[in-house]
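Containing mmCIF, C-alpha atoms: run-v7.cif.
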```cif
data_model
loop_
_atom_site.group_PDB
_atom_site.id
_atom_site.type_symbol
_atom_site.label_atom_id
_atom_site.label_comp_id
_atom_site.auth_asym_id
_atom_site.auth_seq_id
_atom_site.Cartn_x
_atom_site.Cartn_y
_atom_site.Cartn_z
ATOM 1 C CA MET A 156 18.954 -0.569 -20.063
ATOM 2 C CA ASN A 157 17.370 1.330 -17.147
ATOM 3 C CA ALA A 158 15.165 -0.092 -14.390
ATOM 4 C CA SER A 159 11.908 1.231 -15.835
ATOM 5 C CA LEU A 160 12.431 -0.460 -19.195
ATOM 6 C CA LEU A 161 13.434 -3.710 -17.495
ATOM 7 C CA ALA A 162 10.329 -3.629 -15.285
ATOM 8 C CA LEU A 163 8.129 -3.007 -18.317
ATOM 9 C CA GLY A 164 9.843 -5.924 -20.036
ATOM 10 C CA ALA A 165 8.997 -8.108 -17.035
ATOM 11 C CA ALA A 166 5.358 -7.000 -17.166
ATOM 12 C CA PHE A 167 5.228 -7.811 -20.874
ATOM 13 C CA ALA A 168 6.738 -11.275 -20.352
ATOM 14 C CA TYR A 169 4.521 -12.080 -17.354
ATOM 15 C CA GLY A 170 1.438 -10.989 -19.277
ATOM 16 C CA LEU A 171 2.291 -13.211 -22.229
ATOM 17 C CA ALA A 172 3.127 -16.113 -19.891
ATOM 18 C CA ASP A 173 -0.311 -15.820 -18.289
ATOM 19 C CA PHE A 174 -1.907 -16.039 -21.721
ATOM 20 C CA THR A 175 0.195 -18.921 -23.049
ATOM 21 C CA GLY A 176 -0.186 -20.867 -19.805
ATOM 22 C CA GLY A 177 -3.941 -20.426 -19.768
ATOM 23 C CA PHE A 178 -4.216 -21.285 -23.462
ATOM 24 C CA ALA A 179 -2.115 -24.437 -23.052
ATOM 25 C CA THR A 180 -4.364 -25.552 -20.199
ATOM 26 C CA LYS A 181 -7.450 -25.553 -22.429
ATOM 27 C CA ARG A 182 -6.425 -29.031 -23.617
ATOM 28 C CA ARG A 183 -4.074 -30.045 -20.852
ATOM 29 C CA SER A 184 -3.987 -30.517 -17.089
ATOM 30 C CA ALA A 185 -3.215 -27.228 -15.353
ATOM 31 C CA TRP A 186 -0.755 -29.061 -13.122
ATOM 32 C CA ALA A 187 1.048 -30.622 -16.085
ATOM 33 C CA VAL A 188 1.389 -27.209 -17.719
ATOM 34 C CA ALA A 189 2.618 -25.659 -14.461
ATOM 35 C CA GLY A 190 5.096 -28.471 -13.836
ATOM 36 C CA TRP A 191 6.624 -28.672 -17.286
ATOM 37 C CA SER A 192 6.807 -24.912 -17.664
ATOM 38 C CA GLN A 193 8.857 -24.919 -14.464
ATOM 39 C CA VAL A 194 11.113 -27.646 -15.869
ATOM 40 C CA VAL A 195 11.837 -25.456 -18.886
ATOM 41 C CA GLY A 196 13.333 -22.784 -16.612
ATOM 42 C CA VAL A 197 15.702 -25.079 -14.691
ATOM 43 C CA GLY A 198 18.638 -24.408 -16.999
ATOM 44 C CA ALA A 199 18.244 -20.659 -16.654
ATOM 45 C CA LEU A 200 18.047 -20.975 -12.876
ATOM 46 C CA ALA A 201 21.280 -22.981 -12.832
ATOM 47 C CA VAL A 202 23.033 -20.230 -14.773
ATOM 48 C CA GLY A 203 21.577 -17.572 -12.491
ATOM 49 C CA VAL A 204 22.767 -19.319 -9.342
ATOM 50 C CA VAL A 205 26.300 -19.379 -10.732
ATOM 51 C CA VAL A 206 26.281 -15.804 -12.020
ATOM 52 C CA VAL A 207 24.617 -14.106 -9.017
ATOM 53 C CA PRO A 208 26.978 -14.335 -6.014
ATOM 54 C CA ALA A 209 25.767 -15.713 -2.678
ATOM 55 C CA THR A 210 27.885 -14.896 0.372
ATOM 56 C CA GLU A 211 25.756 -16.712 2.965
ATOM 57 C CA VAL A 212 23.027 -19.314 2.488
ATOM 58 C CA ARG A 213 21.228 -20.130 5.744
ATOM 59 C CA PRO A 214 18.952 -23.139 6.350
ATOM 60 C CA LEU A 215 16.115 -20.629 6.809
ATOM 61 C CA ASP A 216 16.693 -19.353 3.278
ATOM 62 C CA LEU A 217 16.300 -22.832 1.812
ATOM 63 C CA VAL A 218 13.269 -23.712 3.958
ATOM 64 C CA ALA A 219 11.552 -20.444 3.084
ATOM 65 C CA GLY A 220 12.330 -21.094 -0.567
ATOM 66 C CA GLY A 221 10.759 -24.535 -0.393
ATOM 67 C CA ILE A 222 7.622 -23.140 1.261
ATOM 68 C CA ALA A 223 7.455 -20.438 -1.389
ATOM 69 C CA GLY A 224 7.670 -23.135 -4.050
ATOM 70 C CA VAL A 225 4.575 -24.841 -2.636
ATOM 71 C CA PHE A 226 2.496 -21.673 -2.832
ATOM 72 C CA GLY A 227 3.982 -20.673 -6.174
ATOM 73 C CA VAL A 228 3.135 -23.870 -8.033
ATOM 74 C CA ILE A 229 -0.338 -24.108 -6.516
ATOM 75 C CA GLY A 230 -0.907 -20.525 -7.620
ATOM 76 C CA LEU A 231 0.254 -21.366 -11.146
ATOM 77 C CA GLY A 232 -2.036 -24.388 -11.382
ATOM 78 C CA LEU A 233 -5.033 -22.407 -10.147
ATOM 79 C CA LEU A 234 -4.176 -19.495 -12.428
ATOM 80 C CA TYR A 235 -3.897 -21.618 -15.560
ATOM 81 C CA ARG A 236 -7.116 -23.497 -14.781
ATOM 82 C CA SER A 237 -8.902 -20.218 -14.148
ATOM 83 C CA LEU A 238 -7.686 -18.644 -17.385
ATOM 84 C CA ALA A 239 -8.534 -21.793 -19.357
ATOM 85 C CA ASP A 240 -12.121 -21.912 -18.038
ATOM 86 C CA GLY A 241 -12.933 -18.187 -17.895
ATOM 87 C CA GLN A 242 -12.204 -14.915 -19.665
ATOM 88 C CA MET A 243 -8.546 -13.961 -19.352
ATOM 89 C CA ALA A 244 -9.362 -10.268 -19.744
ATOM 90 C CA LEU A 245 -11.467 -10.366 -16.582
ATOM 91 C CA LEU A 246 -9.483 -12.718 -14.403
ATOM 92 C CA THR A 247 -5.866 -11.563 -14.626
ATOM 93 C CA PRO A 248 -6.588 -8.202 -12.919
ATOM 94 C CA VAL A 249 -8.330 -10.080 -10.111
ATOM 95 C CA VAL A 250 -5.242 -12.258 -9.625
ATOM 96 C CA ALA A 251 -2.960 -9.215 -9.462
ATOM 97 C CA ALA A 252 -5.229 -7.288 -7.095
ATOM 98 C CA SER A 253 -5.948 -10.146 -4.679
ATOM 99 C CA GLY A 254 -2.271 -11.032 -4.456
ATOM 100 C CA GLY A 255 -1.390 -7.408 -3.778
ATOM 101 C CA ALA A 256 -4.048 -7.132 -1.074
ATOM 102 C CA LEU A 257 -2.680 -10.179 0.733
ATOM 103 C CA THR A 258 0.881 -8.869 0.751
ATOM 104 C CA VAL A 259 -0.339 -5.595 2.247
ATOM 105 C CA VAL A 260 -2.256 -7.428 4.984
ATOM 106 C CA ALA A 261 0.791 -9.591 5.687
ATOM 107 C CA GLY A 262 2.838 -6.433 6.001
ATOM 108 C CA VAL A 263 0.420 -5.113 8.632
ATOM 109 C CA PHE A 264 0.937 -8.213 10.753
ATOM 110 C CA ALA A 265 4.679 -7.726 10.308
ATOM 111 C CA GLY A 266 4.440 -4.181 11.640
ATOM 112 C CA ASP A 267 3.721 -2.104 8.541
ATOM 113 C CA ARG A 268 1.090 0.622 8.705
ATOM 114 C CA LEU A 269 -1.660 1.046 6.115
ATOM 115 C CA ASP A 270 -2.285 4.492 4.706
ATOM 116 C CA VAL A 271 -5.470 5.774 3.099
ATOM 117 C CA VAL A 272 -4.316 4.707 -0.364
ATOM 118 C CA ASP A 273 -3.721 1.121 0.785
ATOM 119 C CA LEU A 274 -7.147 0.932 2.429
ATOM 120 C CA ALA A 275 -8.816 2.352 -0.670
ATOM 121 C CA ALA A 276 -7.026 -0.156 -2.877
ATOM 122 C CA ILE A 277 -8.096 -3.096 -0.706
ATOM 123 C CA ALA A 278 -11.701 -1.876 -0.763
ATOM 124 C CA ALA A 279 -11.503 -1.463 -4.536
ATOM 125 C CA THR A 280 -10.281 -5.048 -4.818
ATOM 126 C CA PHE A 281 -13.397 -6.437 -3.170
ATOM 127 C CA VAL A 282 -15.686 -4.192 -5.240
ATOM 128 C CA ALA A 283 -13.866 -5.243 -8.410
ATOM 129 C CA VAL A 284 -14.408 -8.916 -7.614
ATOM 130 C CA LEU A 285 -18.146 -8.308 -7.153
ATOM 131 C CA LEU A 286 -18.388 -6.427 -10.457
ATOM 132 C CA VAL A 287 -16.467 -9.055 -12.400
ATOM 133 C CA ALA A 288 -18.680 -11.787 -10.931
ATOM 134 C CA SER A 289 -21.924 -9.926 -11.611
ATOM 135 C CA PRO A 290 -24.451 -11.786 -13.816
ATOM 136 C CA GLY A 291 -25.684 -10.289 -17.042
ATOM 137 C CA GLY A 292 -29.133 -10.498 -18.596
ATOM 138 C CA GLY A 293 -30.496 -12.534 -15.722
ATOM 139 C CA ALA A 294 -27.964 -15.312 -16.315
ATOM 140 C CA VAL A 295 -26.012 -16.871 -13.489
ATOM 141 C CA PRO A 296 -22.333 -16.940 -14.520
ATOM 142 C CA ASP A 297 -19.882 -19.664 -13.670
ATOM 143 C CA ARG A 298 -18.045 -18.111 -10.737
ATOM 144 C CA ARG A 299 -15.599 -20.984 -10.347
ATOM 145 C CA PRO A 300 -12.917 -19.342 -12.551
ATOM 146 C CA LEU A 301 -13.254 -16.162 -10.472
ATOM 147 C CA PHE A 302 -12.765 -18.039 -7.205
ATOM 148 C CA LEU A 303 -9.784 -19.855 -8.717
ATOM 149 C CA ALA A 304 -8.306 -16.498 -9.772
ATOM 150 C CA ILE A 305 -8.704 -15.107 -6.253
ATOM 151 C CA ALA A 306 -7.103 -18.230 -4.773
ATOM 152 C CA ALA A 307 -4.245 -17.984 -7.286
ATOM 153 C CA GLY A 308 -3.612 -14.380 -6.289
ATOM 154 C CA VAL A 309 -3.558 -15.340 -2.611
ATOM 155 C CA CYS A 310 -1.040 -18.097 -3.345
ATOM 156 C CA PHE A 311 1.197 -15.699 -5.252
ATOM 157 C CA GLY A 312 0.981 -13.275 -2.342
ATOM 158 C CA LEU A 313 2.066 -16.031 0.039
ATOM 159 C CA PHE A 314 4.919 -16.864 -2.336
ATOM 160 C CA TYR A 315 6.275 -13.324 -1.995
ATOM 161 C CA VAL A 316 5.751 -13.351 1.781
ATOM 162 C CA ALA A 317 7.787 -16.554 2.064
ATOM 163 C CA MET A 318 10.535 -15.268 -0.215
ATOM 164 C CA ALA A 319 10.714 -12.067 1.836
ATOM 165 C CA GLN A 320 12.005 -14.170 4.724
ATOM 166 C CA THR A 321 15.177 -15.023 2.815
ATOM 167 C CA GLY A 322 18.354 -12.984 3.143
ATOM 168 C CA GLU A 323 19.823 -10.908 0.351
ATOM 169 C CA ALA A 324 23.147 -12.666 0.915
ATOM 170 C CA SER A 325 21.605 -15.969 -0.214
ATOM 171 C CA GLY A 326 21.411 -14.771 -3.813
ATOM 172 C CA LEU A 327 19.197 -16.982 -5.970
ATOM 173 C CA TRP A 328 19.688 -20.136 -3.903
ATOM 174 C CA PRO A 329 16.201 -19.993 -2.290
ATOM 175 C CA LEU A 330 14.808 -20.472 -5.787
ATOM 176 C CA VAL A 331 16.488 -23.887 -6.033
ATOM 177 C CA PRO A 332 14.313 -25.674 -3.420
ATOM 178 C CA ALA A 333 11.371 -23.617 -4.652
ATOM 179 C CA ARG A 334 11.801 -24.943 -8.179
ATOM 180 C CA VAL A 335 12.394 -28.546 -7.064
ATOM 181 C CA VAL A 336 9.314 -28.544 -4.834
ATOM 182 C CA SER A 337 7.144 -26.877 -7.468
ATOM 183 C CA ILE A 338 8.060 -29.404 -10.152
ATOM 184 C CA LEU A 339 7.442 -32.404 -7.897
ATOM 185 C CA ILE A 340 4.089 -31.136 -6.606
ATOM 186 C CA ALA A 341 2.812 -30.178 -10.048
ATOM 187 C CA LEU A 342 3.735 -33.469 -11.683
ATOM 188 C CA VAL A 343 2.258 -35.501 -8.815
ATOM 189 C CA LEU A 344 -1.008 -33.542 -8.964
ATOM 190 C CA ALA A 345 -1.098 -33.960 -12.744
ATOM 191 C CA GLY A 346 -1.521 -37.715 -12.260
ATOM 192 C CA PRO A 347 -1.752 -39.720 -15.505
ATOM 193 C CA ASP A 348 -1.524 -36.471 -17.456
ATOM 194 C CA ARG A 349 1.916 -35.682 -16.061
ATOM 195 C CA TRP A 350 3.900 -36.744 -19.116
ATOM 196 C CA PRO A 351 5.284 -34.023 -21.374
ATOM 197 C CA PRO A 352 2.601 -32.627 -23.662
ATOM 198 C CA VAL A 353 3.120 -33.472 -27.299
ATOM 199 C CA ARG A 354 1.552 -32.251 -30.507
ATOM 200 C CA ASP A 355 0.066 -28.775 -30.656
ATOM 201 C CA ARG A 356 0.241 -27.690 -26.991
ATOM 202 C CA PHE A 357 3.881 -28.469 -26.258
ATOM 203 C CA GLY A 358 5.034 -25.229 -27.841
ATOM 204 C CA TRP A 359 2.675 -23.250 -25.604
ATOM 205 C CA VAL A 360 4.093 -24.928 -22.499
ATOM 206 C CA VAL A 361 7.670 -24.205 -23.569
ATOM 207 C CA ALA A 362 6.740 -20.605 -24.332
ATOM 208 C CA THR A 363 5.188 -20.270 -20.880
ATOM 209 C CA GLY A 364 8.326 -21.517 -19.165
ATOM 210 C CA LEU A 365 10.646 -19.326 -21.218
ATOM 211 C CA LEU A 366 8.518 -16.212 -20.763
ATOM 212 C CA ASP A 367 8.326 -16.766 -17.015
ATOM 213 C CA MET A 368 12.107 -17.184 -16.929
ATOM 214 C CA VAL A 369 12.664 -13.967 -18.913
ATOM 215 C CA ALA A 370 10.275 -12.067 -16.642
ATOM 216 C CA ASN A 371 12.104 -13.211 -13.517
ATOM 217 C CA LEU A 372 15.437 -12.216 -15.056
ATOM 218 C CA PHE A 373 14.139 -8.728 -15.889
ATOM 219 C CA ILE A 374 12.719 -8.301 -12.384
ATOM 220 C CA VAL A 375 16.051 -9.149 -10.759
ATOM 221 C CA LEU A 376 17.978 -6.782 -13.041
ATOM 222 C CA ALA A 377 15.429 -3.993 -12.548
ATOM 223 C CA ALA A 378 15.526 -4.329 -8.770
ATOM 224 C CA GLN A 379 19.308 -4.019 -8.872
ATOM 225 C CA ARG A 380 19.169 -0.812 -10.893
ATOM 226 C CA GLY A 381 16.266 1.266 -9.598
ATOM 227 C CA PRO A 382 13.791 1.969 -6.776
ATOM 228 C CA LEU A 383 11.658 -1.041 -5.901
ATOM 229 C CA ALA A 384 8.536 1.136 -5.725
ATOM 230 C CA ILE A 385 8.874 2.092 -9.391
ATOM 231 C CA VAL A 386 9.821 -1.439 -10.407
ATOM 232 C CA GLY A 387 6.826 -2.869 -8.543
ATOM 233 C CA VAL A 388 4.336 -0.450 -10.100
ATOM 234 C CA LEU A 389 5.559 -0.971 -13.654
ATOM 235 C CA SER A 390 5.869 -4.764 -13.420
ATOM 236 C CA SER A 391 2.325 -5.037 -12.034
ATOM 237 C CA LEU A 392 1.001 -3.859 -15.398
ATOM 238 C CA HIS A 393 1.137 -7.444 -16.693
ATOM 239 C CA PRO A 394 -2.693 -7.862 -16.739
ATOM 240 C CA VAL A 395 -2.866 -5.168 -19.411
ATOM 241 C CA VAL A 396 -0.782 -7.371 -21.716
ATOM 242 C CA THR A 397 -2.877 -10.468 -21.021
ATOM 243 C CA ILE A 398 -6.107 -8.528 -21.519
ATOM 244 C CA THR A 399 -4.948 -7.073 -24.826
ATOM 245 C CA VAL A 400 -3.842 -10.441 -26.198
ATOM 246 C CA ALA A 401 -7.040 -12.153 -25.012
ATOM 247 C CA ILE A 402 -9.220 -9.532 -26.693
ATOM 248 C CA LEU A 403 -7.238 -9.614 -29.949
ATOM 249 C CA TRP A 404 -6.575 -13.371 -30.124
ATOM 250 C CA LEU A 405 -9.611 -14.935 -28.429
ATOM 251 C CA ARG A 406 -12.085 -12.153 -29.272
ATOM 252 C CA GLU A 407 -13.188 -11.916 -25.654
ATOM 253 C CA ARG A 408 -15.876 -9.287 -25.094
ATOM 254 C CA PRO A 409 -16.553 -8.506 -21.424
ATOM 255 C CA ARG A 410 -19.724 -6.611 -20.468
ATOM 256 C CA PRO A 411 -19.497 -2.914 -19.467
ATOM 257 C CA VAL A 412 -19.927 -3.589 -15.743
ATOM 258 C CA GLN A 413 -17.188 -6.206 -15.929
ATOM 259 C CA VAL A 414 -14.922 -3.734 -17.726
ATOM 260 C CA VAL A 415 -15.402 -1.359 -14.791
ATOM 261 C CA GLY A 416 -14.485 -4.152 -12.381
ATOM 262 C CA MET A 417 -11.477 -5.053 -14.496
ATOM 263 C CA ALA A 418 -10.275 -1.439 -14.480
ATOM 264 C CA MET A 419 -10.761 -1.218 -10.702
ATOM 265 C CA ALA A 420 -8.737 -4.397 -10.206
ATOM 266 C CA ILE A 421 -5.887 -3.033 -12.329
ATOM 267 C CA GLY A 422 -5.991 0.241 -10.418
ATOM 268 C CA ALA A 423 -5.965 -1.581 -7.086
ATOM 269 C CA ALA A 424 -2.991 -3.677 -8.165
ATOM 270 C CA LEU A 425 -1.074 -0.529 -9.126
ATOM 271 C CA LEU A 426 -1.876 1.168 -5.821
ATOM 272 C CA LEU A 427 -0.804 -1.886 -3.834
ATOM 273 C CA ALA A 428 2.420 -2.419 -5.787
#
```
Take the structure in the file and give it back as structure tokens.
Amino acid sequence: MNASLLALGAAFAYGLADFTGGFATKRRSAWAVAGWSQVVGVGALAVGVVVVPATEVRPLDLVAGGIAGVFGVIGLGLLYRSLADGQMALLTPVVAASGGALTVVAGVFAGDRLDVVDLAAIAATFVAVLLVASPGGGAVPDRRPLFLAIAAGVCFGLFYVAMAQTGEASGLWPLVPARVVSILIALVLAGPDRWPPVRDRFGWVVATGLLDMVANLFIVLAAQRGPLAIVGVLSSLHPVVTITVAILWLRERPRPVQVVGMAMAIGAALLLA
């Protein structure tokens, strides 16, 4: 299987994971869903660590992985709460675009130079947020899910920045402290609701963890087989999957101005990928 197909597979899995995670959170603590979905992927991570060779694991790699785990799980909790409280079709593009904007800004501080396309994409991100948050018919919408989506995107951006500090020779080992930290933080923040969800929502949590695991596997394989630029663009299409499922399953109907904002956010995410 070539890199493009693998990247599209990752986008499909990420998009479904966003939906299942947000849906599970409608009757469950976002932190419990985030924590237990991470637990589901531990077995796959153990296999990956054994299969993917690591020639040198530095203390910096493990520390950076742990820091990434903090941002990653906070981003998941905020994302799931946002998607549970708001319209998935509107919010997932905002998450993708805001996370992409942060990684670009971080790259500038690291010495990267922004071109006209990057600047246009960042500007489009802010305009998209304003359009998605715009009230309709004189009503004042609940902007809390939007702010949570922006914060989730920022956290995911910081996750990638932290992981970028790890060496290629460390293989998948930075993900070990990241996963341990993320599970502990999520289950502590879940409080009394930390115990495994039973009844109807447990399947959604398991699906979220498995889909996230599959997406990560596809991303790694795609990056090994093709140009990262192509892999990044194709994998960033995950909001399209979430939007489609939300419209078909939940019958979400965003207003025209919000559709424009949603499209701008998707476009910005693609440009920043």
For the structure provided, state which residues fall under the PyMOL selection byres ((chain A and resi 271-282) around 12), and present them as a VMD selection string.
chain A and resid 248 to 260 262 to 263 267 to 270 283 to 289 305 308 412 to 413 415 to 428
Evaluate the PyMOL selection byres ((chain A and resi 332-346) around 10) against this structure - the residues, as a PyMOL selection string, please.
chain A and resi 183-194+196-197+200+216-229+231-232+314+318+328-331+347-351
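Across A:Trp404, A:Phe373, A:Phe357, A:Phe311, the tightest approach to Gly230 of chain A is made by A:Phe311 when counting all atoms listed in the file.
The space between atom CA of Arg213 of chain A and atom CA of Ala377 of chain A spans 25.1 Å.
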Residues near Leu405 of chain A, cut-off 12 Å, only C-alpha atoms, skip fewer than 6 positions along chain, as an mmCIF file with C-alpha atoms, in the frame of the given file:
```cif
data_model
loop_
_atom_site.group_PDB
_atom_site.id
_atom_site.type_symbol
_atom_site.label_atom_id
_atom_site.label_comp_id
_atom_site.auth_asym_id
_atom_site.auth_seq_id
_atom_site.Cartn_x
_atom_site.Cartn_y
_atom_site.Cartn_z
ATOM 1 C CA PHE A 174 -1.907 -16.039 -21.721
ATOM 2 C CA THR A 175 0.195 -18.921 -23.049
ATOM 3 C CA GLY A 177 -3.941 -20.426 -19.768
ATOM 4 C CA PHE A 178 -4.216 -21.285 -23.462
ATOM 5 C CA LEU A 238 -7.686 -18.644 -17.385
ATOM 6 C CA ALA A 239 -8.534 -21.793 -19.357
ATOM 7 C CA GLY A 241 -12.933 -18.187 -17.895
ATOM 8 C CA GLN A 242 -12.204 -14.915 -19.665
ATOM 9 C CA MET A 243 -8.546 -13.961 -19.352
ATOM 10 C CA ALA A 244 -9.362 -10.268 -19.744
ATOM 11 C CA THR A 397 -2.877 -10.468 -21.021
ATOM 12 C CA ILE A 398 -6.107 -8.528 -21.519
ATOM 13 C CA THR A 399 -4.948 -7.073 -24.826
#
```
The PyMOL selection byres ((chain A and resi 167) around 10) on the file shown: which residues, as a PyMOL selection string?
chain A and resi 161-166+168-172+366+369-370+389-397
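The two atoms in question, atom CA of Thr247 of chain A and atom CA of Asn371 of chain A, are spaced 18.1 Å apart.
Note that the spacing between atom CA of Ser325 of chain A and atom CA of Pro208 of chain A amounts to 8.1 Å.
With only C-alpha atoms as the atoms that count, the residue of A:Ala265, A:Tyr235, A:Val361, A:Arg299 with the shortest distance to Val316 of chain A is A:Ala265.
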Edge lengths and centre in Å, axis-aligned, segment 270-287 of chain A plus 5 Å each side, as AutoDock Vina command-line options:
```
--center_x -10.3 --center_y -1.6 --center_z -3.8 --size_x 26.1 --size_y 24.8 --size_z 27.1
```
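Proximity ranking of A:Val414, A:Leu233, A:Val400, A:Val309 relative to Thr180 of chain A places A:Leu233 first, based on all atoms listed in the file.
Nearest to Glu407 of chain A of all the residues A:Val206, A:Leu246, A:Val360, A:Met368 is A:Leu246, counting all atoms listed in the file.
For the residues A:Asp173, A:Val207, A:Leu215, A:Ala201, ranking by smallest atom-to-atom distance to Gln320 of chain A using only C-alpha atoms places A:Leu215 first.
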